[in-house]
Amino acid sequence: MPAKYAILGDGAWGTAIALHLAQNPQNHVCLWSAFEENARILGEKRENIRLLPGVRIPDSVELTTDIARALTGADLGIAAIPTVYLRKTLQRMSGHWPRMLPALSLAKGLENDTFQRPTQVLQEVLGISSVAVLSGPSHAEEVSRGKPTSVVVACAEEELAVRIQQIFTTDRFRIYTNLDVIGVELAGALKNVIGIAAGACDGLKFGDNAKSALMTRGLVEMARFGVAMGAEHETFFGLAGLGDLITTCVSPHGRNRRVGERLGRGEKLANIQASSPMVAEGVYTSRSVYFRARSMGIELPIMTEVYRALYEDKPAAEAVNALMVRQPKKE
């Protein structure tokens with residue numbers, strides 16, 4: 001049955017999802033750009049040359065900067081907007097979003113000032129109730145080229161989760177469903193912070209032993225914090241947690257890992273951000289989590305040191321040393 005999908009955000013992940021959905025000739029896929037210049041280049045080149053070079057955007061994908069045009073007649077609105085820009089961008093859409101149109105979030109972060117998860121921001125700004133989140137190990141560079149990927153969709157409404165599962169599933173894109181929205185969103189956000197720490201290990205050339213231990217203990221921190229926030233413990237050992245953590249920490253595509261690697265080599269955060277076209281959500285999430293964990297009395301040694309390396313200019317080597325000399329304890 002023909003359907004229309006409005007993808008809001010022309011970054012790497014939004015573009016990759018547009019390409020994925022466009023494989024079905026019955027789908028009308030509309031990719032919305034927030035900026036006229038981005039839309040012009042996409043239209044002229046039919047390629048996201050900055051973020052996904054070499055991957056053609058088929059003519060069947062409609063490109064627009066007109067939010068009303070993108071949303072009119074849509075069966076699902078897909079928000080592919082980094083968390084740090086999400087609220088401000090959604091405010092541009094609030095007068096155009098049909099009240100009954102469900103939303104799917106692709107963001108993996110937390111809003112700094114409010115500590116709200118992306119689905120909560122969607123509900124608050126748009127005044128809608130039906131929201132879901134898609135997460136898991138899914139680099140845009142691979143999805144856009146049709147490489148096998150498995151992810152999870154979480155929603156409090158099981159019917160919507162199953163519907164999204166059916167929309168997205170192909171022989172190269174497998175989707176599991178989950179009712180734990182809190183856990184899936186927090187796992188997607190927190191793994192980025194650990195990804196920065198893993199990158200720092202790479203930048204410092206500490207080797208596999210250190211990185212494996214960091215990932216393992218980082219997963220413990222993710223689950224500890226998530227459960228304290230109301231998530232299910234098991235979620236952190238599924239695709240949204242462990243699965244995405246592995247990809248983020250080891251893949252050359254991982255933007256958070258790359259930030260950490262450059263920190264490990266002695267670069268400052270301001271220089272790293274100024275020279276990168278992509279948003280590393282973990283940079284912002286680390287600040288949110290640091291202050292929330294401190295206020296709640298939750299012990300997160302690795303994430304605390306990531307915050308200090310990012311925002312207090314603590315050398316990465318000193319941050320790792322601080323972890324190694326902590327009081328010995330049971331695992």
# chains A, B, ... in the order shown; residues from 1 in each chain; ligands from 1
$ closest_atom_pairs --of "stretch 38-144 of chain A" --to "stretch 22-31 of chain A" --cutoff "9 Å" --atoms "only C-alpha atoms" --output "JSON lines"
{"residue": "A:Pro58", "atom": "CA", "partner": "A:Ala22", "partner_atom": "CA", "distance": 7.8}
{"residue": "A:Ser60", "atom": "CA", "partner": "A:Ala22", "partner_atom": "CA", "distance": 7.0}
{"residue": "A:Val61", "atom": "CA", "partner": "A:Val29", "partner_atom": "CA", "distance": 5.2}
{"residue": "A:Glu62", "atom": "CA", "partner": "A:Cys30", "partner_atom": "CA", "distance": 4.6}
{"residue": "A:Leu63", "atom": "CA", "partner": "A:Leu31", "partner_atom": "CA", "distance": 5.0}
{"residue": "A:Thr64", "atom": "CA", "partner": "A:Leu31", "partner_atom": "CA", "distance": 6.4}
{"residue": "A:Thr65", "atom": "CA", "partner": "A:Leu31", "partner_atom": "CA", "distance": 8.5}
{"residue": "A:Arg69", "atom": "CA", "partner": "A:Cys30", "partner_atom": "CA", "distance": 8.8}
{"residue": "A:Ala70", "atom": "CA", "partner": "A:Cys30", "partner_atom": "CA", "distance": 5.9}
{"residue": "A:Leu71", "atom": "CA", "partner": "A:Cys30", "partner_atom": "CA", "distance": 8.6}
{"residue": "A:Ala74", "atom": "CA", "partner": "A:His28", "partner_atom": "CA", "distance": 8.8}
$ write_last_selection --atoms "N, CA and C atoms" --output "compact mmCIF listing (two decimals), in the first residue's frame"
# COMPACT_ATOMS: atom_id res chain seq x y z
N PRO A 58 18.40 8.64 -5.05
CA PRO A 58 17.58 8.40 -6.24
C PRO A 58 16.59 9.54 -6.50
N SER A 60 13.60 9.38 -7.00
CA SER A 60 12.31 9.15 -6.34
C SER A 60 12.21 9.82 -4.97
N VAL A 61 13.35 10.20 -4.39
CA VAL A 61 13.34 10.90 -3.10
C VAL A 61 13.10 12.38 -3.35
N GLU A 62 12.01 12.89 -2.82
CA GLU A 62 11.69 14.31 -2.96
C GLU A 62 12.51 15.12 -1.96
N LEU A 63 13.14 16.19 -2.42
CA LEU A 63 13.93 17.06 -1.56
C LEU A 63 13.20 18.39 -1.41
N THR A 64 13.13 18.89 -0.18
CA THR A 64 12.41 20.14 0.04
C THR A 64 12.91 20.86 1.29
N THR A 65 12.67 22.17 1.34
CA THR A 65 12.88 22.96 2.56
C THR A 65 11.55 23.44 3.10
N ARG A 69 5.02 21.12 3.03
CA ARG A 69 5.02 20.18 1.91
C ARG A 69 5.51 18.80 2.36
N ALA A 70 6.52 18.78 3.21
CA ALA A 70 7.06 17.51 3.68
C ALA A 70 6.05 16.74 4.52
N LEU A 71 5.31 17.44 5.37
CA LEU A 71 4.43 16.78 6.32
C LEU A 71 3.04 16.48 5.78
N ALA A 74 1.67 12.87 5.11
CA ALA A 74 2.63 11.89 5.62
C ALA A 74 1.96 10.87 6.53
$ residues_around --residues "stretch 131-136 of chain A" --least-positions-apart "3" --cutoff "7 Å" --atoms "only C-alpha atoms" --output "list of chain:residue names"
A:Pro102, A:Ala103, A:Leu104, A:Ser105, A:Leu106, A:Thr119, A:Val151, A:Val152, A:Val153, A:Ala154, A:Cys155, A:Ala161, A:Val184, A:Gly188, A:Leu239, A:Ala240, A:Gly243, A:Asp244
$ atom_distance --atom1 "atom CA of A:Gly207" --atom2 "atom CA of A:Arg262"
15.8 Å
$ closest_residue --among "A:Glu36, A:Asp75, A:Asp208, A:Glu124" --to "A:Tyr5" --atoms "only C-alpha atoms"
A:Asp75
$ atom_distance --atom1 "atom CA of A:Gly199" --atom2 "atom CA of A:Thr248"
9.2 Å
$ select_by_dssp --residues "stretch 176-317 of chain A" --states "helix (DSSP H, G or I)" --output "MDAnalysis selection string"
chainID A and resid 181:203 208:228 233:237 239:250 255:264 269:274 281:296 301:311 316:317
$ residues_around --residues "A:Trp13" --least-positions-apart "2" --cutoff "8 Å" --atoms "only C-alpha atoms" --output "number ranges by chain"
A: 10-11, 15-17, 80, 106, 139-140
$ write_last_selection --atoms "C-alpha atoms" --output "PDB file, in the first residue's frame"
ATOM      1  CA  ASP A  10      19.368  15.831   5.866  1.00  0.00           C
ATOM      2  CA  GLY A  11      22.367  14.681   7.905  1.00  0.00           C
ATOM      3  CA  THR A  15      19.843  10.654   4.283  1.00  0.00           C
ATOM      4  CA  ALA A  16      20.602   6.988   4.902  1.00  0.00           C
ATOM      5  CA  ILE A  17      17.060   6.332   6.135  1.00  0.00           C
ATOM      6  CA  ALA A  80      16.664  12.857  12.125  1.00  0.00           C
ATOM      7  CA  LEU A 106      16.490   8.802  15.316  1.00  0.00           C
ATOM      8  CA  HIS A 139      26.282   3.669  11.042  1.00  0.00           C
ATOM      9  CA  ALA A 140      24.807   5.688   8.190  1.00  0.00           C
TER      10      ALA A 140
END
$ select_by_dssp --residues "stretch 71-310 of chain A" --states "strand (DSSP E)" --output "short mmCIF file (atom, residue, chain, number, x, y, z; two decimals) with N, CA and C atoms, in the first residue's frame"
data_model
loop_
_atom_site.label_atom_id
_atom_site.label_comp_id
_atom_site.auth_asym_id
_atom_site.auth_seq_id
_atom_site.Cartn_x
_atom_site.Cartn_y
_atom_site.Cartn_z
N LEU A 76 4.10 8.97 8.51
CA LEU A 76 5.04 8.91 9.63
C LEU A 76 6.04 10.05 9.48
N GLY A 77 6.25 10.78 10.58
CA GLY A 77 7.27 11.82 10.58
C GLY A 77 8.51 11.29 11.28
N ILE A 78 9.65 11.36 10.60
CA ILE A 78 10.88 10.77 11.12
C ILE A 78 11.86 11.90 11.42
N ALA A 79 12.14 12.11 12.70
CA ALA A 79 13.00 13.20 13.13
C ALA A 79 14.46 12.76 13.19
N ALA A 103 5.41 10.13 15.38
CA ALA A 103 6.79 10.54 15.14
C ALA A 103 7.75 9.43 15.53
N LEU A 104 8.80 9.30 14.74
CA LEU A 104 9.88 8.36 15.04
C LEU A 104 11.16 9.17 15.22
N SER A 105 11.80 9.03 16.36
CA SER A 105 13.05 9.74 16.62
C SER A 105 14.24 8.86 16.27
N VAL A 131 4.83 8.44 19.84
CA VAL A 131 6.24 8.61 19.47
C VAL A 131 6.98 7.30 19.67
N ALA A 132 8.02 7.10 18.88
CA ALA A 132 8.85 5.91 18.99
C ALA A 132 10.29 6.33 18.75
N VAL A 133 11.21 5.41 19.05
CA VAL A 133 12.63 5.69 18.83
C VAL A 133 13.27 4.49 18.15
N LEU A 134 14.12 4.76 17.17
CA LEU A 134 14.88 3.72 16.48
C LEU A 134 16.34 3.85 16.88
N SER A 135 16.92 2.75 17.35
CA SER A 135 18.30 2.83 17.84
C SER A 135 18.99 1.49 17.64
N THR A 149 22.19 -4.84 8.74
CA THR A 149 22.07 -4.07 9.98
C THR A 149 20.88 -4.57 10.79
N SER A 150 21.04 -4.63 12.10
CA SER A 150 19.93 -4.98 12.99
C SER A 150 19.80 -3.91 14.06
N VAL A 151 18.58 -3.41 14.25
CA VAL A 151 18.33 -2.34 15.22
C VAL A 151 17.06 -2.66 16.00
N VAL A 152 16.68 -1.74 16.88
CA VAL A 152 15.49 -1.93 17.71
C VAL A 152 14.63 -0.68 17.66
N VAL A 153 13.33 -0.88 17.62
CA VAL A 153 12.39 0.24 17.71
C VAL A 153 11.64 0.10 19.02
N ALA A 154 11.61 1.18 19.80
CA ALA A 154 10.94 1.16 21.09
C ALA A 154 9.79 2.15 21.10
N PHE A 173 17.91 -5.20 6.57
CA PHE A 173 17.64 -4.30 7.69
C PHE A 173 16.62 -4.97 8.60
N ARG A 174 17.11 -5.54 9.70
CA ARG A 174 16.26 -6.31 10.60
C ARG A 174 15.95 -5.46 11.84
N ILE A 175 14.68 -5.47 12.25
CA ILE A 175 14.25 -4.65 13.38
C ILE A 175 13.56 -5.52 14.44
N TYR A 176 13.98 -5.30 15.69
CA TYR A 176 13.33 -5.90 16.84
C TYR A 176 12.49 -4.82 17.53
N THR A 177 11.47 -5.23 18.25
CA THR A 177 10.64 -4.27 18.98
C THR A 177 10.93 -4.35 20.48
N ASN A 178 10.64 -3.25 21.17
CA ASN A 178 10.90 -3.14 22.61
C ASN A 178 9.92 -2.13 23.17
#
$ atom_distance --atom1 "atom CA of A:Leu160" --atom2 "atom CA of A:Pro137"
21.4 Å
$ residues_around --residues "stretch 214-230 of chain A" --least-positions-apart "4" --cutoff "8 Å" --atoms "only C-alpha atoms" --output "PyMOL selection string"
chain A and resi 182-183+186-187+190-191+194+197-198+210+236+241-242+245-246+249+293+298-300+302-303
$ closest_residue --among "A:Ala18, A:Ala317, A:Ala322, A:Val306" --to "A:Val193" --atoms "only C-alpha atoms"
A:Val306
$ closest_residue --among "A:Ser138, A:Thr89, A:Asn38, A:Asn192" --to "A:Arg172" --atoms "only C-alpha atoms"
A:Ser138
$ closest_atom_pairs --of "stretch 85-131 of chain A" --to "stretch 278-289 of chain A" --cutoff "7 Å" --atoms "only C-alpha atoms" --output "JSON lines"
{"residue": "A:Lys108", "atom": "CA", "partner": "A:Glu281", "partner_atom": "CA", "distance": 6.8}
{"residue": "A:Gly109", "atom": "CA", "partner": "A:Glu281", "partner_atom": "CA", "distance": 5.7}
{"residue": "A:Leu110", "atom": "CA", "partner": "A:Thr285", "partner_atom": "CA", "distance": 5.6}
{"residue": "A:Asn112", "atom": "CA", "partner": "A:Ser288", "partner_atom": "CA", "distance": 5.1}
{"residue": "A:Phe115", "atom": "CA", "partner": "A:Ser288", "partner_atom": "CA", "distance": 6.4}
